[in-house]
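Note: the block below is structure_1.cif and it holds mmCIF, C-alpha atoms.
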data_protein
#
loop_
_atom_site.label_atom_id
_atom_site.label_comp_id
_atom_site.auth_asym_id
_atom_site.auth_seq_id
_atom_site.Cartn_x
_atom_site.Cartn_y
_atom_site.Cartn_z
CA MET N 26 -27.42 -3.17 -9.90
CA ALA N 27 -25.95 0.26 -10.52
CA ASP N 28 -27.63 2.47 -13.09
CA THR N 29 -24.22 3.59 -14.35
CA GLN N 30 -21.62 1.13 -15.56
CA GLN N 31 -18.45 1.41 -13.48
CA GLN N 32 -15.27 1.74 -15.56
CA VAL N 33 -12.64 -0.39 -13.87
CA ALA N 34 -8.84 -0.25 -13.96
CA ILE N 35 -7.18 -3.51 -12.95
CA VAL N 36 -3.81 -2.66 -11.39
CA GLY N 37 -1.67 -5.79 -11.41
CA CYS N 38 -2.35 -8.39 -14.09
CA GLY N 39 -1.16 -11.52 -12.32
CA ILE N 40 -3.27 -14.36 -10.93
CA ILE N 41 -5.44 -12.28 -8.60
CA GLY N 42 -5.75 -9.49 -11.18
CA ARG N 43 -7.25 -12.04 -13.54
CA THR N 44 -9.77 -13.01 -10.86
CA HIS N 45 -10.89 -9.39 -10.50
CA ALA N 46 -10.98 -8.86 -14.26
CA GLN N 47 -13.11 -11.96 -14.83
CA THR N 48 -15.44 -11.01 -11.98
CA VAL N 49 -15.96 -7.57 -13.52
CA ALA N 50 -16.33 -8.99 -17.03
CA ASP N 51 -19.20 -11.20 -15.87
CA ARG N 52 -21.23 -8.20 -14.68
CA PRO N 53 -23.54 -5.83 -16.57
CA ASP N 54 -22.81 -2.92 -14.22
CA ALA N 55 -19.01 -2.79 -14.65
CA ILE N 56 -16.47 -3.00 -17.45
CA VAL N 57 -12.68 -3.25 -17.53
CA THR N 58 -11.40 -0.16 -19.34
CA ALA N 59 -7.71 -0.20 -18.30
CA LEU N 60 -5.03 -2.74 -17.45
CA VAL N 61 -2.01 -1.55 -15.48
CA ASP N 62 1.19 -3.56 -15.09
CA GLY N 63 4.88 -2.89 -15.69
CA ASP N 64 5.13 -6.42 -17.05
CA THR N 65 4.14 -6.06 -20.70
CA ALA N 66 3.55 -9.78 -21.15
CA ALA N 67 1.23 -10.00 -18.13
CA ARG N 68 -1.02 -7.12 -19.18
CA GLU N 69 -1.07 -8.23 -22.82
CA SER N 70 -2.06 -11.76 -21.80
CA LEU N 71 -4.95 -10.46 -19.70
CA ARG N 72 -6.01 -8.09 -22.50
CA ALA N 73 -6.11 -10.99 -24.95
CA SER N 74 -8.19 -13.16 -22.62
CA LEU N 75 -10.74 -10.37 -22.09
CA VAL N 76 -11.07 -9.72 -25.82
CA GLU N 77 -11.36 -13.44 -26.52
CA ALA N 78 -14.22 -13.56 -24.00
CA GLY N 79 -16.06 -10.87 -25.99
CA GLN N 80 -15.15 -7.90 -23.80
CA PRO N 81 -14.24 -4.47 -25.23
CA GLU N 82 -10.50 -3.99 -25.57
CA PRO N 83 -9.07 -2.19 -22.53
CA LYS N 84 -6.25 0.34 -22.70
CA LEU N 85 -2.83 -0.74 -21.44
CA TYR N 86 -0.57 1.22 -19.08
CA ASP N 87 2.74 0.82 -17.30
CA ASP N 88 1.59 2.60 -14.13
CA LEU N 89 -1.49 3.86 -12.35
CA THR N 90 -0.68 7.54 -12.82
CA ALA N 91 -0.79 7.13 -16.59
CA ALA N 92 -4.03 5.15 -16.42
CA LEU N 93 -5.78 7.76 -14.29
CA SER N 94 -4.87 10.52 -16.71
CA GLY N 95 -5.20 8.56 -19.94
CA SER N 96 -8.50 6.69 -19.72
CA ASP N 97 -12.00 6.84 -18.28
CA VAL N 98 -11.81 5.14 -14.88
CA SER N 99 -14.26 5.32 -11.99
CA LEU N 100 -13.16 2.28 -9.96
CA VAL N 101 -9.60 1.04 -9.35
CA ALA N 102 -8.88 -2.57 -8.31
CA ILE N 103 -5.48 -2.94 -6.61
CA CYS N 104 -4.09 -6.43 -7.33
CA THR N 105 -0.33 -5.82 -7.02
CA PRO N 106 2.15 -7.27 -4.46
CA SER N 107 0.93 -6.60 -0.93
CA GLY N 108 3.57 -4.03 -0.02
CA THR N 109 2.40 -1.65 -2.76
CA HIS N 110 -1.32 -1.66 -1.95
CA ALA N 111 -1.71 1.36 0.32
CA ALA N 112 0.29 3.81 -1.80
CA LEU N 113 -1.58 2.89 -4.97
CA ALA N 114 -4.96 3.01 -3.26
CA GLU N 115 -4.20 6.42 -1.76
CA GLU N 116 -3.22 7.75 -5.19
CA ALA N 117 -6.53 6.57 -6.65
CA LEU N 118 -8.58 7.99 -3.76
CA ASN N 119 -6.85 11.35 -4.10
CA GLU N 120 -8.09 11.38 -7.70
CA LYS N 121 -11.65 10.75 -6.44
CA LYS N 122 -11.77 7.17 -7.77
CA HIS N 123 -13.49 4.36 -5.91
CA VAL N 124 -11.02 1.69 -4.78
CA VAL N 125 -11.11 -2.07 -4.20
CA ILE N 126 -7.96 -3.44 -2.57
CA GLU N 127 -7.05 -7.12 -2.66
CA LYS N 128 -6.06 -8.59 0.69
CA PRO N 129 -4.12 -7.73 2.74
CA LEU N 130 -4.63 -3.96 2.95
CA ASP N 131 -0.83 -3.55 2.99
CA VAL N 132 2.08 -5.02 4.93
CA ASP N 133 2.90 -1.83 6.86
CA LEU N 134 0.64 -0.40 9.55
CA VAL N 135 1.99 3.14 9.14
CA ARG N 136 0.95 3.15 5.48
CA ALA N 137 -2.32 1.44 6.41
CA ARG N 138 -3.21 4.16 8.93
CA ARG N 139 -2.42 6.82 6.35
CA LEU N 140 -4.69 5.07 3.88
CA GLY N 141 -7.39 4.88 6.54
CA ALA N 142 -7.28 8.66 6.88
CA ALA N 143 -7.40 9.05 3.08
CA ALA N 144 -10.42 6.72 2.91
CA THR N 145 -12.22 8.77 5.55
CA ARG N 146 -11.59 11.97 3.60
CA ALA N 147 -12.71 10.31 0.37
CA ALA N 148 -15.93 9.06 1.98
CA ASN N 149 -16.84 12.66 2.74
CA HIS N 150 -16.88 13.21 -1.03
CA GLY N 151 -18.88 10.07 -1.81
CA VAL N 152 -15.82 8.02 -2.81
CA LEU N 153 -15.78 4.40 -1.63
CA ALA N 154 -12.88 2.24 -0.47
CA SER N 155 -13.22 -1.46 0.33
CA VAL N 156 -10.84 -4.36 0.92
CA ILE N 157 -11.39 -7.87 -0.37
CA SER N 158 -12.46 -10.23 2.39
CA GLN N 159 -14.70 -12.45 0.33
CA HIS N 160 -15.18 -15.19 2.90
CA ARG N 161 -17.46 -12.93 4.95
CA PHE N 162 -19.83 -13.33 2.02
CA ASP N 163 -19.81 -17.13 2.09
CA ALA N 164 -23.28 -18.36 2.97
CA GLY N 165 -22.01 -20.53 5.82
CA SER N 166 -19.98 -17.75 7.40
CA ALA N 167 -23.02 -15.46 7.26
CA VAL N 168 -25.12 -18.05 9.12
CA VAL N 169 -22.49 -18.26 11.87
CA LYS N 170 -22.32 -14.49 12.21
CA GLN N 171 -26.12 -14.22 12.38
CA ALA N 172 -26.24 -16.88 15.10
CA ILE N 173 -23.55 -15.07 17.12
CA ASP N 174 -25.30 -11.72 16.84
CA ALA N 175 -28.61 -13.29 17.89
CA GLY N 176 -26.99 -14.93 20.94
CA ARG N 177 -27.87 -18.42 19.76
CA PHE N 178 -24.48 -19.85 20.85
CA GLY N 179 -24.92 -18.40 24.31
CA ARG N 180 -21.79 -16.90 25.85
CA LEU N 181 -18.87 -17.30 23.46
CA THR N 182 -16.05 -19.21 25.13
CA SER N 183 -13.43 -20.00 22.49
CA CYS N 184 -12.47 -20.04 18.84
CA VAL N 185 -10.02 -22.24 16.92
CA ALA N 186 -8.74 -21.21 13.49
CA THR N 187 -6.30 -23.16 11.35
CA VAL N 188 -4.90 -22.78 7.84
CA ALA N 189 -2.87 -25.90 7.03
CA TRP N 190 -1.59 -25.53 3.49
CA TRP N 191 1.45 -26.58 1.46
CA ARG N 192 3.53 -24.28 -0.71
CA SER N 193 6.61 -25.59 -2.49
CA ASP N 194 10.01 -23.93 -2.74
CA GLU N 195 9.17 -23.37 -6.41
CA TYR N 196 6.11 -21.35 -5.39
CA TYR N 197 8.22 -18.96 -3.34
CA ALA N 198 10.82 -18.73 -6.12
CA SER N 199 8.19 -18.01 -8.78
CA ALA N 200 8.10 -14.26 -8.02
CA GLY N 201 10.78 -12.11 -6.45
CA TRP N 202 8.39 -10.58 -3.90
CA ARG N 203 7.12 -13.85 -2.47
CA GLY N 204 8.45 -14.72 0.96
CA THR N 205 9.97 -11.27 1.55
CA TRP N 206 9.24 -8.86 4.37
CA ALA N 207 9.27 -5.83 2.09
CA GLN N 208 6.56 -6.96 -0.34
CA ASP N 209 4.88 -10.06 1.14
CA GLY N 210 4.92 -8.60 4.65
CA GLY N 211 5.02 -12.01 6.26
CA GLY N 212 4.49 -15.60 5.32
CA ALA N 213 1.81 -18.18 6.06
CA LEU N 214 -0.20 -15.84 8.29
CA MET N 215 0.02 -12.61 6.29
CA ASN N 216 -0.39 -14.12 2.84
CA GLN N 217 -2.38 -17.32 3.21
CA GLY N 218 -3.99 -16.77 6.62
CA VAL N 219 -5.19 -13.17 6.62
CA HIS N 220 -8.71 -14.12 5.43
CA THR N 221 -9.01 -16.55 8.32
CA VAL N 222 -7.80 -13.87 10.72
CA ASP N 223 -10.53 -11.59 9.38
CA LEU N 224 -13.21 -14.26 9.91
CA MET N 225 -11.99 -14.84 13.46
CA LEU N 226 -12.29 -11.12 14.22
CA TRP N 227 -15.70 -10.92 12.52
CA PHE N 228 -16.98 -13.75 14.70
CA MET N 229 -15.21 -12.96 17.98
CA GLY N 230 -14.58 -9.20 17.96
CA ARG N 231 -11.32 -7.40 18.63
CA PRO N 232 -8.56 -9.21 20.53
CA VAL N 233 -7.03 -7.87 23.74
CA THR N 234 -3.74 -9.75 24.06
CA ILE N 235 -1.75 -12.00 21.72
CA GLN N 236 1.03 -14.52 22.36
CA ALA N 237 2.76 -16.31 19.48
CA GLN N 238 5.59 -18.39 18.07
CA ALA N 239 6.58 -18.17 14.40
CA LEU N 240 9.26 -20.09 12.56
CA ARG N 241 10.56 -21.35 9.24
CA ALA N 242 9.85 -25.03 9.72
CA SER N 243 10.47 -26.20 6.14
CA HIS N 244 11.19 -23.33 3.71
CA HIS N 245 14.54 -22.05 4.92
CA ALA N 246 15.32 -19.93 1.84
CA ILE N 247 12.53 -17.42 2.48
CA GLU N 248 12.70 -14.45 4.86
CA VAL N 249 9.32 -14.94 6.49
CA GLU N 250 7.58 -17.65 8.52
CA ASP N 251 6.02 -20.76 7.05
CA THR N 252 4.46 -21.82 10.37
CA VAL N 253 2.91 -19.83 13.22
CA VAL N 254 0.78 -20.57 16.26
CA ALA N 255 -0.82 -17.87 18.42
CA THR N 256 -3.20 -17.61 21.37
CA LEU N 257 -5.54 -14.66 21.74
CA THR N 258 -7.89 -13.25 24.34
CA PHE N 259 -10.89 -11.23 23.16
CA GLU N 260 -12.85 -8.29 24.53
CA ASN N 261 -15.87 -10.58 25.06
CA GLY N 262 -13.84 -12.76 27.47
CA ALA N 263 -13.34 -15.65 25.07
CA VAL N 264 -9.98 -17.13 24.08
CA GLY N 265 -8.75 -18.39 20.73
CA THR N 266 -5.97 -20.23 18.98
CA LEU N 267 -4.71 -19.31 15.53
CA HIS N 268 -2.52 -21.58 13.40
CA ALA N 269 -1.22 -21.02 9.89
CA THR N 270 1.33 -22.97 7.89
CA THR N 271 2.51 -23.55 4.34
CA ALA N 272 4.57 -26.52 5.52
CA ALA N 273 1.72 -29.07 5.83
CA TYR N 274 2.39 -31.43 2.90
CA PRO N 275 0.44 -32.16 0.75
CA GLY N 276 -1.94 -29.50 2.01
CA SER N 277 -4.86 -29.80 4.38
CA ARG N 278 -7.97 -27.81 5.27
CA THR N 279 -8.90 -24.38 6.53
CA ARG N 280 -11.19 -24.38 9.56
CA VAL N 281 -12.74 -21.85 11.90
CA SER N 282 -14.61 -23.26 14.89
CA VAL N 283 -16.64 -21.08 17.26
CA HIS N 284 -17.74 -22.43 20.65
CA GLY N 285 -20.23 -21.12 23.18
CA ASP N 286 -22.07 -22.48 26.24
CA GLN N 287 -25.31 -22.91 24.22
CA GLY N 288 -23.96 -23.96 20.83
CA GLY N 289 -21.30 -23.47 18.20
CA ALA N 290 -20.32 -23.97 14.60
CA GLU N 291 -17.49 -25.02 12.32
CA VAL N 292 -16.69 -23.61 8.90
CA GLU N 293 -14.33 -25.81 6.88
CA ASP N 294 -12.96 -24.87 3.46
CA ASP N 295 -15.54 -22.05 3.18
CA ARG N 296 -18.53 -24.30 3.94
CA LEU N 297 -20.57 -24.67 7.12
CA ARG N 298 -19.97 -28.20 8.41
CA ARG N 299 -21.54 -28.04 11.89
CA LEU N 300 -24.16 -25.82 13.57
CA ASN N 301 -25.63 -26.19 17.07
CA VAL N 302 -27.81 -23.44 18.52
CA ASP N 303 -30.00 -22.60 21.51
CA GLY N 304 -28.70 -25.39 23.72
CA SER N 305 -29.70 -28.21 21.38
CA PRO N 306 -27.24 -31.12 21.21
CA ASP N 307 -28.38 -31.93 17.69
CA ASP N 308 -26.77 -30.49 14.57
CA GLN N 309 -29.02 -28.10 12.70
CA PRO N 310 -29.67 -28.36 8.92
CA ILE N 311 -26.76 -26.68 7.18
CA ASP N 312 -27.56 -26.65 3.47
CA VAL N 313 -26.90 -22.92 3.10
CA GLY N 314 -25.49 -22.61 -0.41
CA GLU N 315 -22.19 -22.00 -2.12
CA PRO N 316 -19.28 -19.80 -1.02
CA GLY N 317 -19.74 -16.23 -2.19
CA GLY N 318 -16.24 -15.41 -3.44
CA HIS N 319 -15.26 -12.22 -5.24
CA THR N 320 -18.59 -12.15 -7.09
CA ALA N 321 -20.55 -11.67 -3.87
CA GLN N 322 -18.20 -8.98 -2.63
CA TYR N 323 -18.39 -7.08 -5.92
CA ASP N 324 -22.19 -7.25 -5.55
CA ASP N 325 -21.77 -5.45 -2.24
CA ILE N 326 -19.22 -2.93 -3.51
CA LEU N 327 -21.10 -1.92 -6.65
CA THR N 328 -24.39 -1.70 -4.77
CA ALA N 329 -22.72 0.54 -2.18
CA ILE N 330 -21.39 2.81 -4.95
CA ALA N 331 -24.80 3.00 -6.57
CA ASP N 332 -26.64 3.67 -3.30
CA GLY N 333 -24.03 5.95 -1.74
CA THR N 334 -23.74 3.70 1.32
CA PRO N 335 -20.67 2.24 3.07
CA PRO N 336 -19.45 -1.17 1.88
CA ALA N 337 -19.69 -4.19 4.16
CA ILE N 338 -15.89 -4.40 4.42
CA THR N 339 -14.21 -1.13 5.33
CA VAL N 340 -10.59 -0.06 5.40
CA GLN N 341 -10.78 -0.08 9.21
CA ASP N 342 -11.82 -3.74 9.15
CA ALA N 343 -8.70 -4.48 7.13
CA ILE N 344 -6.52 -2.39 9.46
CA ASP N 345 -7.74 -4.49 12.39
CA ALA N 346 -6.82 -7.70 10.57
CA LEU N 347 -3.40 -6.31 9.63
CA ALA N 348 -2.78 -5.17 13.22
CA THR N 349 -3.65 -8.65 14.47
CA VAL N 350 -1.18 -10.27 12.08
CA ARG N 351 1.52 -7.80 13.06
CA ALA N 352 0.75 -8.37 16.75
CA VAL N 353 1.43 -12.07 16.21
CA TYR N 354 4.81 -11.27 14.65
CA ILE N 355 5.67 -8.78 17.41
CA ALA N 356 4.72 -11.26 20.15
CA SER N 357 6.94 -13.90 18.53
CA THR N 358 9.80 -11.42 18.21
CA LEU N 359 9.58 -10.14 21.81
CA GLN N 360 8.67 -13.56 23.22
CA ARG N 361 5.98 -12.09 25.42
CA PRO N 362 2.28 -11.16 25.18
CA VAL N 363 1.43 -7.87 23.49
CA LYS N 364 -1.74 -5.80 23.63
CA PHE N 365 -3.65 -5.45 20.40
CA VAL N 366 -4.53 -1.80 20.99
CA ASP N 367 -0.85 -0.93 21.47
CA VAL N 368 -0.04 -2.47 18.08
CA LEU N 369 -3.05 -0.82 16.45
CA GLU N 370 -2.07 2.62 17.74
CA GLY N 371 1.59 2.34 16.74
CA ARG N 372 3.44 1.72 19.99
CA TYR N 373 5.37 -1.17 18.41
CA ASP N 374 5.95 0.37 14.99
CA ASP N 375 9.72 0.35 15.52
CA VAL N 376 9.96 -3.40 16.26
CA ASP N 377 11.87 -5.33 13.59
CA VAL N 378 9.74 -8.45 13.33
CA SER N 379 12.12 -10.14 10.88
CA ARG N 380 14.30 -11.21 13.81
CA GLY N 381 11.36 -12.97 15.45
CA ILE N 382 11.11 -15.82 12.96
CA GLY N 383 13.13 -18.75 14.24
CA LEU N 384 14.30 -22.05 12.79
CA PRO N 385 13.17 -25.38 14.23
CA PRO N 386 15.50 -26.95 16.82
CA SER N 387 18.27 -28.98 15.20
#

Write the structure described by the file as structure tokens, please.
Amino acid sequence: MADTQQQVAIVGCGIIGRTHAQTVADRPDAIVTALVDGDTAARESLRASLVEAGQPEPKLYDDLTAALSGSDVSLVAICTPSGTHAALAEEALNEKKHVVIEKPLDVDLVRARRLGAAATRAANHGVLASVISQHRFDAGSAVVKQAIDAGRFGRLTSCVATVAWWRSDEYYASAGWRGTWAQDGGGALMNQGVHTVDLMLWFMGRPVTIQAQALRASHHAIEVEDTVVATLTFENGAVGTLHATTAAYPGSRTRVSVHGDQGGAEVEDDRLRRLNVDGSPDDQPIDVGEPGGHTAQYDDILTAIADGTPPAITVQDAIDALATVRAVYIASTLQRPVKFVDVLEGRYDDVDVSRGIGLPPS
């Protein structure tokens, strides 16, 4: 635990802002001192819930600029719509405040690269920036990663990742930014699937090429895709498939399976369901504990602040995940394979991916 209590500003008081606020409120080494949201009702509701839980009353602000100048803040948690993340995080870093950014990093790679540069500069002054990717902290995911790093699966051959969820039309209509390119940055893959993309990259490494098809299979009123399938090749020679949908009624499971020539594993709904290692055909014991969630990642972030060390999840990790998602959209738009490094370095920045989301055949 940190010796000094971090004073936290929650920027965005919606559902995910409440998750961050509650996570902070449960800790002895951090306290919510400011709530930031242009929606008066949202920030007042979160204020009331914190006070009711016995927390000190935080100050309320319309915008981050006012919060940074009007209250004691050492750590800023960005919980706003995805398309606003990078600009807000950069503002906080420029004021020498530590930053935690909810996934995804942003929806725009140009802004993400700029934030990456700002995070590098901030790190030189001891200021930390991290992006929420809480499923890396799930006990089962950690076991899989340790087995991969130790070579216990042998040569990795393939990976299969699927996010098969259901979201209703009412869900997309519940907030003006949902299902839009400008603020949601994509659909099933960007919003619901980005954590699974991150796990795939954590297990398999960076991709080389991506092919994809994205469409609006069920939710025709939104701008973005509700279903996408992609195939990837990785630097280690393995291949992978990636599937994400919000058109799988009534909602199914999230799975990541990793396969090698000496073993493999499957993580389903954040829990390790299968583990084979070292050429054994028998499943290994897999009672490895509960998913870590935001609590485990805040453990990492606050420890890193206290110790002056990098966090487990860096801005560059999040840029890689964002570039992979955008590569899927670009490949669907161009109807041909694209190279990950070309997307990462900006060679496709001018591609309008909104025209790459088709409708199912009539």

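The space separating atom CA of N:Leu300 from atom CA of N:His160 comes to 17.5 Å.
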
Chain and number of each residue from the PyMOL selection byres ((chain N and resi 94) around 12), as number ranges by chain: N: 34, 59, 84, 86, 88-93, 95-99, 116-117, 120, 122

Set the distance at 7 Å and use only C-alpha atoms: which residues neighbour stretch 164-180 of chain N once local chain neighbours fewer than 3 positions away are removed? I'd like the list as a short mmCIF file (atom, residue, chain, number, x, y, z; two decimals) with C-alpha atoms, in the coordinates of the input.
data_model
loop_
_atom_site.label_atom_id
_atom_site.label_comp_id
_atom_site.auth_asym_id
_atom_site.auth_seq_id
_atom_site.Cartn_x
_atom_site.Cartn_y
_atom_site.Cartn_z
CA ARG N 161 -17.46 -12.93 4.95
CA PHE N 228 -16.98 -13.75 14.70
CA GLY N 285 -20.23 -21.12 23.18
CA ASP N 286 -22.07 -22.48 26.24
CA GLN N 287 -25.31 -22.91 24.22
CA GLY N 288 -23.96 -23.96 20.83
CA GLY N 289 -21.30 -23.47 18.20
CA ALA N 290 -20.32 -23.97 14.60
CA VAL N 292 -16.69 -23.61 8.90
CA ARG N 296 -18.53 -24.30 3.94
CA LEU N 297 -20.57 -24.67 7.12
CA VAL N 302 -27.81 -23.44 18.52
CA ASP N 303 -30.00 -22.60 21.51
CA VAL N 313 -26.90 -22.92 3.10
CA GLY N 314 -25.49 -22.61 -0.41
CA GLU N 315 -22.19 -22.00 -2.12
CA PRO N 316 -19.28 -19.80 -1.02
CA GLY N 317 -19.74 -16.23 -2.19
#

Matched chain/residue IDs from the PyMOL selection byres ((chain N and resi 234) around 12), as a ChimeraX atom specification: /N:231-233,235-237,255-260,262-266,348-349,352-353,355-356,361-369

Exercise: N:Arg192 partners within 10 Å, all atoms listed in the file, chain neighbours under 4 positions left out, as number ranges by chain: N: 196-197, 213, 217, 243-244, 251, 270-276

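This file, queried with the PyMOL selection byres ((chain N and resi 219-222) around 8), gives the residues Lys128, Pro129, Ser158, His160, Ala186, Thr187, Val188, Leu214, Met215, Asn216, Gln217, Gly218, Asp223, Leu224, Met225, Leu226, Leu267, Val281, Ala346, Leu347, Thr349 and Val350 of chain N.
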
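In this model, the gap between atom CA of N:Ala147 and atom CA of N:Leu118 comes to 6.3 Å.
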
Residue among N:Ala198, N:Ser193, N:Gly42, N:Asp163 lying closest to N:Asp294, counting all atoms listed in the file: N:Asp163

N:Pro81 surroundings by only C-alpha atoms, 8 Å radius, close-in-sequence under 6 positions cut, as an MDAnalysis selection string: chainID N and resid 57:58 75

Interatomic distance (Å, one decimal) between atom CA of N:Gly230 and atom CA of N:Arg351: 16.9 Å

For stretch 374-386 of chain N: contacts at 6 Å, all atoms listed in the file, fewer than 4 positions along chain excluded, given as a PyMOL selection string: chain N and resi 239-242+250+354-355+357-358

N:Gly141 environment, 10 Å, only C-alpha atoms, sequence neighbours closer than 2 positions dropped, as number ranges by chain: N: 111, 115, 130, 135-139, 143-147, 154, 339-341, 343-344

Would you mind exporting the chosen residues as a PDB file, in the coordinates of the input, restricted to C-alpha atoms?
ATOM      1  CA  ALA N 111      -1.710   1.360   0.320  1.00  0.00           C
ATOM      2  CA  GLU N 115      -4.200   6.420  -1.760  1.00  0.00           C
ATOM      3  CA  LEU N 130      -4.630  -3.960   2.950  1.00  0.00           C
ATOM      4  CA  VAL N 135       1.990   3.140   9.140  1.00  0.00           C
ATOM      5  CA  ARG N 136       0.950   3.150   5.480  1.00  0.00           C
ATOM      6  CA  ALA N 137      -2.320   1.440   6.410  1.00  0.00           C
ATOM      7  CA  ARG N 138      -3.210   4.160   8.930  1.00  0.00           C
ATOM      8  CA  ARG N 139      -2.420   6.820   6.350  1.00  0.00           C
ATOM      9  CA  ALA N 143      -7.400   9.050   3.080  1.00  0.00           C
ATOM     10  CA  ALA N 144     -10.420   6.720   2.910  1.00  0.00           C
ATOM     11  CA  THR N 145     -12.220   8.770   5.550  1.00  0.00           C
ATOM     12  CA  ARG N 146     -11.590  11.970   3.600  1.00  0.00           C
ATOM     13  CA  ALA N 147     -12.710  10.310   0.370  1.00  0.00           C
ATOM     14  CA  ALA N 154     -12.880   2.240  -0.470  1.00  0.00           C
ATOM     15  CA  THR N 339     -14.210  -1.130   5.330  1.00  0.00           C
ATOM     16  CA  VAL N 340     -10.590  -0.060   5.400  1.00  0.00           C
ATOM     17  CA  GLN N 341     -10.780  -0.080   9.210  1.00  0.00           C
ATOM     18  CA  ALA N 343      -8.700  -4.480   7.130  1.00  0.00           C
ATOM     19  CA  ILE N 344      -6.520  -2.390   9.460  1.00  0.00           C
TER      20      ILE N 344
END

Nearest to N:Val152, chosen from N:Arg372, N:Gly212, N:Ile326, N:Val76, with only C-alpha atoms counted in the distances: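 Between N:Arg372, N:Gly212, N:Ile326, N:Val76, the residue approaching N:Val152 most closely is N:Ile326.
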
Test item: which residues lie within 10 Å of (-8.9, -11.4, -20.9) counting only C-alpha atoms, as a list in words: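 Collected hits near the coordinates: Cys38, Arg43, Ala46, Gln47, Ala50, Val57, Arg68, Glu69, Ser70, Leu71, Arg72, Ala73, Ser74, Leu75, Val76, Glu77, Ala78, Gly79, Gln80, Pro81, Glu82 and Pro83 of chain N.
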